[in-house]
Every structure is written in C-alpha cells, then in structure tokens.
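Structure file my_file.pdb (PDB, C-alpha atoms) follows.
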```pdb
ATOM      1  CA  MET A   1      66.768 128.512 122.267
ATOM      2  CA  ALA A   2      69.756 126.505 121.057
ATOM      3  CA  PRO A   3      71.248 127.251 117.675
ATOM      4  CA  PRO A   4      70.606 124.673 114.985
ATOM      5  CA  PRO A   5      73.287 122.001 114.558
ATOM      6  CA  PRO A   6      75.826 122.660 111.821
ATOM      7  CA  SER A   7      75.082 121.211 108.451
ATOM      8  CA  PRO A   8      77.182 118.142 107.685
ATOM      9  CA  PRO A   9      80.012 118.582 105.221
ATOM     10  CA  SER A  10      79.120 117.965 101.620
ATOM     11  CA  VAL A  11      79.693 114.531 100.107
ATOM     12  CA  THR A  12      82.501 115.943  97.949
ATOM     13  CA  LEU A  13      84.339 117.367 100.955
ATOM     14  CA  ARG A  14      83.929 114.147 102.923
ATOM     15  CA  THR A  15      85.255 112.197  99.935
ATOM     16  CA  VAL A  16      88.303 114.474  99.710
ATOM     17  CA  LEU A  17      88.939 114.044 103.447
ATOM     18  CA  LEU A  18      88.656 110.280 103.120
ATOM     19  CA  LEU A  19      91.053 110.238 100.152
ATOM     20  CA  LEU A  20      93.561 112.386 102.048
ATOM     21  CA  ARG A  21      93.373 109.982 105.014
ATOM     22  CA  VAL A  22      93.949 107.008 102.687
ATOM     23  CA  LEU A  23      96.831 108.829 100.996
ATOM     24  CA  THR A  24      98.444 109.608 104.356
ATOM     25  CA  ALA A  25      98.145 105.980 105.463
ATOM     26  CA  ALA A  26      99.581 104.742 102.143
ATOM     27  CA  PHE A  27     102.598 107.048 102.387
ATOM     28  CA  LEU A  28     103.219 105.904 105.949
ATOM     29  CA  VAL A  29     102.922 102.192 105.125
ATOM     30  CA  ILE A  30     105.473 102.556 102.332
ATOM     31  CA  THR A  31     107.745 104.572 104.630
ATOM     32  CA  VAL A  32     107.637 101.906 107.345
ATOM     33  CA  VAL A  33     108.406  99.145 104.835
ATOM     34  CA  LEU A  34     111.247 101.080 103.185
ATOM     35  CA  ILE A  35     112.994 102.181 106.344
ATOM     36  CA  SER A  36     112.602  98.878 108.214
ATOM     37  CA  THR A  37     114.100  96.895 105.321
ATOM     38  CA  ASN A  38     117.016  99.276 104.871
ATOM     39  CA  THR A  39     120.145  97.153 105.338
ATOM     40  CA  VAL A  40     123.395  96.976 103.430
ATOM     41  CA  THR A  41     126.649  95.059 103.638
ATOM     42  CA  LEU A  42     129.704  97.246 103.139
ATOM     43  CA  GLU A  43     133.035  95.841 101.976
ATOM     44  CA  VAL A  44     135.875  97.842 103.481
ATOM     45  CA  SER A  45     139.381  96.499 102.735
ATOM     46  CA  SER A  46     138.323  92.839 102.854
ATOM     47  CA  THR A  47     136.126  93.355 105.930
ATOM     48  CA  SER A  48     132.351  93.030 105.812
ATOM     49  CA  ILE A  49     130.246  95.477 107.793
ATOM     50  CA  LYS A  50     126.479  94.976 107.944
ATOM     51  CA  MET A  51     124.690  98.292 108.406
ATOM     52  CA  ARG A  52     121.029  98.404 109.392
ATOM     53  CA  PHE A  53     118.564 101.249 109.762
ATOM     54  CA  ASN A  54     118.585 100.857 113.553
ATOM     55  CA  ASP A  55     122.304 101.674 113.635
ATOM     56  CA  VAL A  56     121.348 105.282 112.856
ATOM     57  CA  TYR A  57     119.374 107.066 115.587
ATOM     58  CA  ALA A  58     117.636 109.441 113.181
ATOM     59  CA  TYR A  59     116.354 106.490 111.135
ATOM     60  CA  ARG A  60     114.968 104.958 114.316
ATOM     61  CA  TYR A  61     113.210 108.248 115.032
ATOM     62  CA  MET A  62     111.866 108.283 111.479
ATOM     63  CA  LEU A  63     110.505 104.771 111.908
ATOM     64  CA  SER A  64     108.934 105.666 115.259
ATOM     65  CA  ALA A  65     107.312 108.776 113.808
ATOM     66  CA  ALA A  66     106.010 106.790 110.832
ATOM     67  CA  VAL A  67     104.585 103.997 113.022
ATOM     68  CA  ILE A  68     102.878 106.464 115.391
ATOM     69  CA  GLY A  69     101.554 108.388 112.385
ATOM     70  CA  LEU A  70     100.336 105.153 110.800
ATOM     71  CA  LEU A  71      98.462 104.141 113.948
ATOM     72  CA  TYR A  72      96.839 107.568 114.074
ATOM     73  CA  ALA A  73      96.028 107.429 110.346
ATOM     74  CA  VAL A  74      94.364 104.013 110.697
ATOM     75  CA  VAL A  75      92.251 105.191 113.649
ATOM     76  CA  GLN A  76      91.277 108.331 111.743
ATOM     77  CA  LEU A  77      90.524 106.270 108.657
ATOM     78  CA  PHE A  78      88.057 104.143 110.606
ATOM     79  CA  LEU A  79      86.480 107.237 112.188
ATOM     80  CA  THR A  80      86.186 108.950 108.802
ATOM     81  CA  ILE A  81      84.636 105.878 107.174
ATOM     82  CA  SER A  82      82.198 105.613 110.086
ATOM     83  CA  GLN A  83      81.362 109.289 109.783
ATOM     84  CA  PHE A  84      80.965 108.916 106.013
ATOM     85  CA  ALA A  85      78.622 105.922 106.413
ATOM     86  CA  THR A  86      76.436 107.311 109.201
ATOM     87  CA  GLY A  87      76.562 110.992 108.339
ATOM     88  CA  THR A  88      76.921 111.934 112.017
ATOM     89  CA  THR A  89      79.925 113.229 113.904
ATOM     90  CA  HIS A  90      80.544 112.861 117.620
ATOM     91  CA  PRO A  91      81.148 116.311 119.188
ATOM     92  CA  LEU A  92      84.534 115.262 120.600
ATOM     93  CA  ASN A  93      85.650 114.121 117.163
ATOM     94  CA  TYR A  94      86.195 117.751 116.121
ATOM     95  CA  GLN A  95      88.751 118.304 118.874
ATOM     96  CA  PHE A  96      90.353 114.890 118.349
ATOM     97  CA  ASN A  97      90.810 115.709 114.651
ATOM     98  CA  PHE A  98      92.119 119.190 115.382
ATOM     99  CA  TYR A  99      94.692 118.310 118.044
ATOM    100  CA  GLY A 100      95.613 114.927 116.589
ATOM    101  CA  ASP A 101      96.221 116.300 113.103
ATOM    102  CA  LYS A 102      98.392 119.107 114.482
ATOM    103  CA  ILE A 103     100.507 116.930 116.783
ATOM    104  CA  ILE A 104     101.003 114.029 114.384
ATOM    105  CA  SER A 105     101.763 116.304 111.424
ATOM    106  CA  TYR A 106     104.546 118.001 113.400
ATOM    107  CA  LEU A 107     105.877 114.599 114.442
ATOM    108  CA  LEU A 108     105.983 113.519 110.789
ATOM    109  CA  ALA A 109     107.684 116.766 109.763
ATOM    110  CA  THR A 110     110.426 116.361 112.363
ATOM    111  CA  GLY A 111     110.915 112.709 111.400
ATOM    112  CA  SER A 112     111.287 113.673 107.767
ATOM    113  CA  ALA A 113     113.733 116.461 108.593
ATOM    114  CA  ALA A 114     115.818 114.103 110.718
ATOM    115  CA  GLY A 115     115.938 111.582 107.886
ATOM    116  CA  PHE A 116     117.008 114.136 105.292
ATOM    117  CA  GLY A 117     119.663 115.603 107.561
ATOM    118  CA  VAL A 118     121.262 112.347 108.620
ATOM    119  CA  SER A 119     121.164 110.910 105.107
ATOM    120  CA  LYS A 120     123.035 113.883 103.709
ATOM    121  CA  ASP A 121     125.581 114.155 106.522
ATOM    122  CA  LEU A 122     126.352 110.464 106.930
ATOM    123  CA  LYS A 123     126.616 109.764 103.219
ATOM    124  CA  GLU A 124     129.187 112.523 102.780
ATOM    125  CA  THR A 125     131.052 111.390 105.896
ATOM    126  CA  PHE A 126     131.133 107.745 104.844
ATOM    127  CA  LEU A 127     132.413 108.587 101.386
ATOM    128  CA  ALA A 128     135.027 111.041 102.709
ATOM    129  CA  LEU A 129     136.446 108.932 105.556
ATOM    130  CA  ILE A 130     136.342 105.357 104.329
ATOM    131  CA  GLU A 131     137.887 103.939 101.185
ATOM    132  CA  PHE A 132     135.203 101.689  99.703
ATOM    133  CA  ASP A 133     135.681  99.111  96.996
ATOM    134  CA  SER A 134     132.402 100.386  95.535
ATOM    135  CA  THR A 135     130.152 103.238  96.619
ATOM    136  CA  ASP A 136     127.007 101.504  95.316
ATOM    137  CA  PRO A 137     126.006  99.961  98.691
ATOM    138  CA  VAL A 138     126.423 103.311 100.451
ATOM    139  CA  ASP A 139     124.368 105.029  97.766
ATOM    140  CA  LYS A 140     121.684 102.337  98.023
ATOM    141  CA  PHE A 141     121.462 102.588 101.828
ATOM    142  CA  PHE A 142     121.197 106.362 101.946
ATOM    143  CA  SER A 143     118.940 106.527  98.875
ATOM    144  CA  LYS A 144     116.439 104.392 100.774
ATOM    145  CA  GLY A 145     116.817 106.848 103.651
ATOM    146  CA  TYR A 146     116.094 109.753 101.306
ATOM    147  CA  ALA A 147     113.096 107.917  99.823
ATOM    148  CA  SER A 148     111.692 107.195 103.281
ATOM    149  CA  ALA A 149     112.187 110.800 104.361
ATOM    150  CA  SER A 150     110.483 112.008 101.166
ATOM    151  CA  LEU A 151     107.462 109.791 101.697
ATOM    152  CA  LEU A 152     107.280 110.923 105.314
ATOM    153  CA  LEU A 153     107.310 114.510 104.035
ATOM    154  CA  PHE A 154     104.450 113.713 101.630
ATOM    155  CA  ALA A 155     102.502 112.179 104.527
ATOM    156  CA  PHE A 156     103.141 115.364 106.513
ATOM    157  CA  VAL A 157     101.830 117.534 103.663
ATOM    158  CA  SER A 158      98.619 115.527 103.288
ATOM    159  CA  LEU A 159      98.105 115.544 107.070
ATOM    160  CA  ALA A 160      98.800 119.288 107.160
ATOM    161  CA  VAL A 161      96.054 119.814 104.574
ATOM    162  CA  LEU A 162      93.750 117.682 106.726
ATOM    163  CA  SER A 163      94.772 119.841 109.679
ATOM    164  CA  VAL A 164      93.491 122.927 107.869
ATOM    165  CA  PHE A 165      90.151 121.204 107.252
ATOM    166  CA  SER A 166      89.904 120.110 110.891
ATOM    167  CA  SER A 167      90.642 123.691 111.998
ATOM    168  CA  LEU A 168      87.843 124.964 109.792
ATOM    169  CA  ALA A 169      85.446 122.274 111.030
ATOM    170  CA  LEU A 170      86.234 123.130 114.654
ATOM    171  CA  SER A 171      85.748 126.854 114.075
ATOM    172  CA  LYS A 172      82.370 126.316 112.360
ATOM    173  CA  ARG A 173      81.115 124.064 115.158
ATOM    174  CA  PRO A 174      78.647 125.880 117.429
ATOM    175  CA  ILE A 175      79.728 126.476 121.011
ATOM    176  CA  GLN A 176      77.608 124.533 123.474
ATOM    177  CA  VAL A 177      76.683 126.443 126.592
ATOM    178  CA  SER A 178      75.828 124.334 129.616
TER     179      SER A 178
END
```
Could I get this file's structure written as structure tokens?
Amino acid sequence: MAPPPPSPPSVTLRTVLLLLRVLTAAFLVITVVLISTNTVTLEVSSTSIKMRFNDVYAYRYMLSAAVIGLLYAVVQLFLTISQFATGTTHPLNYQFNFYGDKIISYLLATGSAAGFGVSKDLKETFLALIEFDSTDPVDKFFSKGYASASLLLFAFVSLAVLSVFSSLALSKRPIQVS
C-alpha cells in the first residue's frame, strides 16, 4: 500500500514563498536596470573618456548573473502562481526548485562578490593613478556598481531562504518506489 501523498503547504507558507519569489525578481530587475545604464564620461586633462559597464569584465559577469537569475525567477514565479492557484505540485517541481534555487543562488552570490571586489579595487586605482578634474563621475560610476552588487546580494539572500524551503519540501516528499 502506497503512503498517502504529502499534505500541501499551508496558505501562509505558500504566500511567503510567493512573496520571496516576487522580491527576488524585483531585486534582479532593479539590478539589471542599474548596471546596464551605468555609464560615465570622465574628463582627464582636457580629454573625454566614456566609460561603460561593459568595459569592466566583472560588471558584465554581474549583468549576466542577474539576467540568468531574473529568467529563473520569472519561470519560478509563474510556477509558484500556478501552484498557488491549483493547489497541486508536479513531482518534478520539487527537484527543479531544489537544484535551481541552489545553482542560481550561488551564481548570484558570485556575481555580487565580483561586483563588490571590482568596484572597490578599480575606484581606488582610478583615484590613485589618474588626476581627475573632479572625482564625482568616478564616485557616481562605482556607486552604481556598489548599488547593483548590493541588490544582487539581497536577491541572493532571498533566493537562499527559498533554497532552504525547497530543501525542506524535497525532504518531506515521499519516495516513490517503482
């Protein structure tokens, strides 16, 4: 005789999961907008230099991590809304949540770390090596980098919390014997 199916998560828990998915997607949307619009024109001894986010490899990695995370968050948002509306969960959804949350959260964490590291190192290097007429553009450029990295870190934290819930859901799922 097969064991009874697991009881569905409570409405409160499903609401919290949905809110965490929305929060993750919101952080990632803001990150993508901030980092992709990060440009500045630097005036160095009567020469204009236009610096864009894609001139810095770590910022490109941050953007890639945020876009991949956003795609995953949107897919998970639709799956969570569907699960919330129907009250049923496909058996493979447990594993998709578990592995997806783990992989994407680590991707977001590494993107955030890369952004923090390069923002700190390059800002100090720019200010030490080049005589600027004003440091405001440099501060603005790297402050947007810090803001993007911070939001990516917040997205990682909310996805890490979701990862804990998906681990618990997978462990409570009954094992099906063929």
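Nearest to A:Arg52 of all the residues A:Ala66, A:Leu153, A:Val138, A:Ala113 is A:Val138, based on all atoms listed in the file.
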Quick one: residues within 12 Å of A:Leu13, all atoms listed in the file, excluding same-chain residues fewer than 4 positions away - as a PDB file with C-alpha atoms, keeping the file's coordinate frame?
```pdb
ATOM      1  CA  PRO A   8      77.182 118.142 107.685  1.00  0.00           C
ATOM      2  CA  PRO A   9      80.012 118.582 105.221  1.00  0.00           C
ATOM      3  CA  LEU A  17      88.939 114.044 103.447  1.00  0.00           C
ATOM      4  CA  LEU A  18      88.656 110.280 103.120  1.00  0.00           C
ATOM      5  CA  LEU A  19      91.053 110.238 100.152  1.00  0.00           C
ATOM      6  CA  LEU A  20      93.561 112.386 102.048  1.00  0.00           C
ATOM      7  CA  THR A  80      86.186 108.950 108.802  1.00  0.00           C
ATOM      8  CA  PHE A  84      80.965 108.916 106.013  1.00  0.00           C
ATOM      9  CA  LEU A 162      93.750 117.682 106.726  1.00  0.00           C
ATOM     10  CA  PHE A 165      90.151 121.204 107.252  1.00  0.00           C
ATOM     11  CA  SER A 166      89.904 120.110 110.891  1.00  0.00           C
ATOM     12  CA  ALA A 169      85.446 122.274 111.030  1.00  0.00           C
TER      13      ALA A 169
END
```
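The residue that comes closest to A:Tyr106, out of A:Val74, A:Ala58, A:Leu151, A:Leu159 and on the basis of all atoms listed in the file, is A:Leu159.
What the PyMOL selection byres ((chain A and resi 142) around 9) matches in the given file is Asn38, Val118, Ser119, Lys120, Leu122, Lys123, Pro137, Val138, Asp139, Lys140, Phe141, Ser143, Lys144, Gly145, Tyr146 and Ala147 of chain A.
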**Report entry** Residue neighbourhood A:Arg21, 12 Å, only C-alpha atoms, exclusion window fewer than 3 positions, as a ChimeraX atom specification
**Finding:** /A:14-18,24-28,69-81,97,101,155-163,165
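We find atom CA of A:Val44 and atom CA of A:Ser112 to be spaced 29.6 Å apart.
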Report summary line: A:Met62 proximity check over A:Val164, A:Leu23, A:Ala109, A:Ala128, using all atoms listed in the file: winner is A:Ala109
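Closest approach to A:Thr37 from the set A:Asn54, A:Thr125, A:Leu108, A:Thr88 is made by A:Asn54, with distances taken over only C-alpha atoms.
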Query raised in the report: Which value, in Å to one decimal, gives the distance between atom CA of A:Leu168 and atom CA of A:Thr12?
Result: 15.8 Å
Requested in this report: Tell me which of A:Ser64, A:Gln83, A:Ser105, A:Ser171 sits closest to A:Val11, counting only C-alpha atoms.
Outcome: A:Gln83
Query raised in the report: What is the distance between atom CA of A:Val40 and atom CA of A:Leu107, in Å to one decimal?
Result: 27.2 Å
Query raised in the report: Restricting the calculation to all atoms listed in the file, which member of A:Thr110, A:Pro91, A:Lys102, A:Ala149 is positioned closest to A:Leu34?
Result: A:Ala149
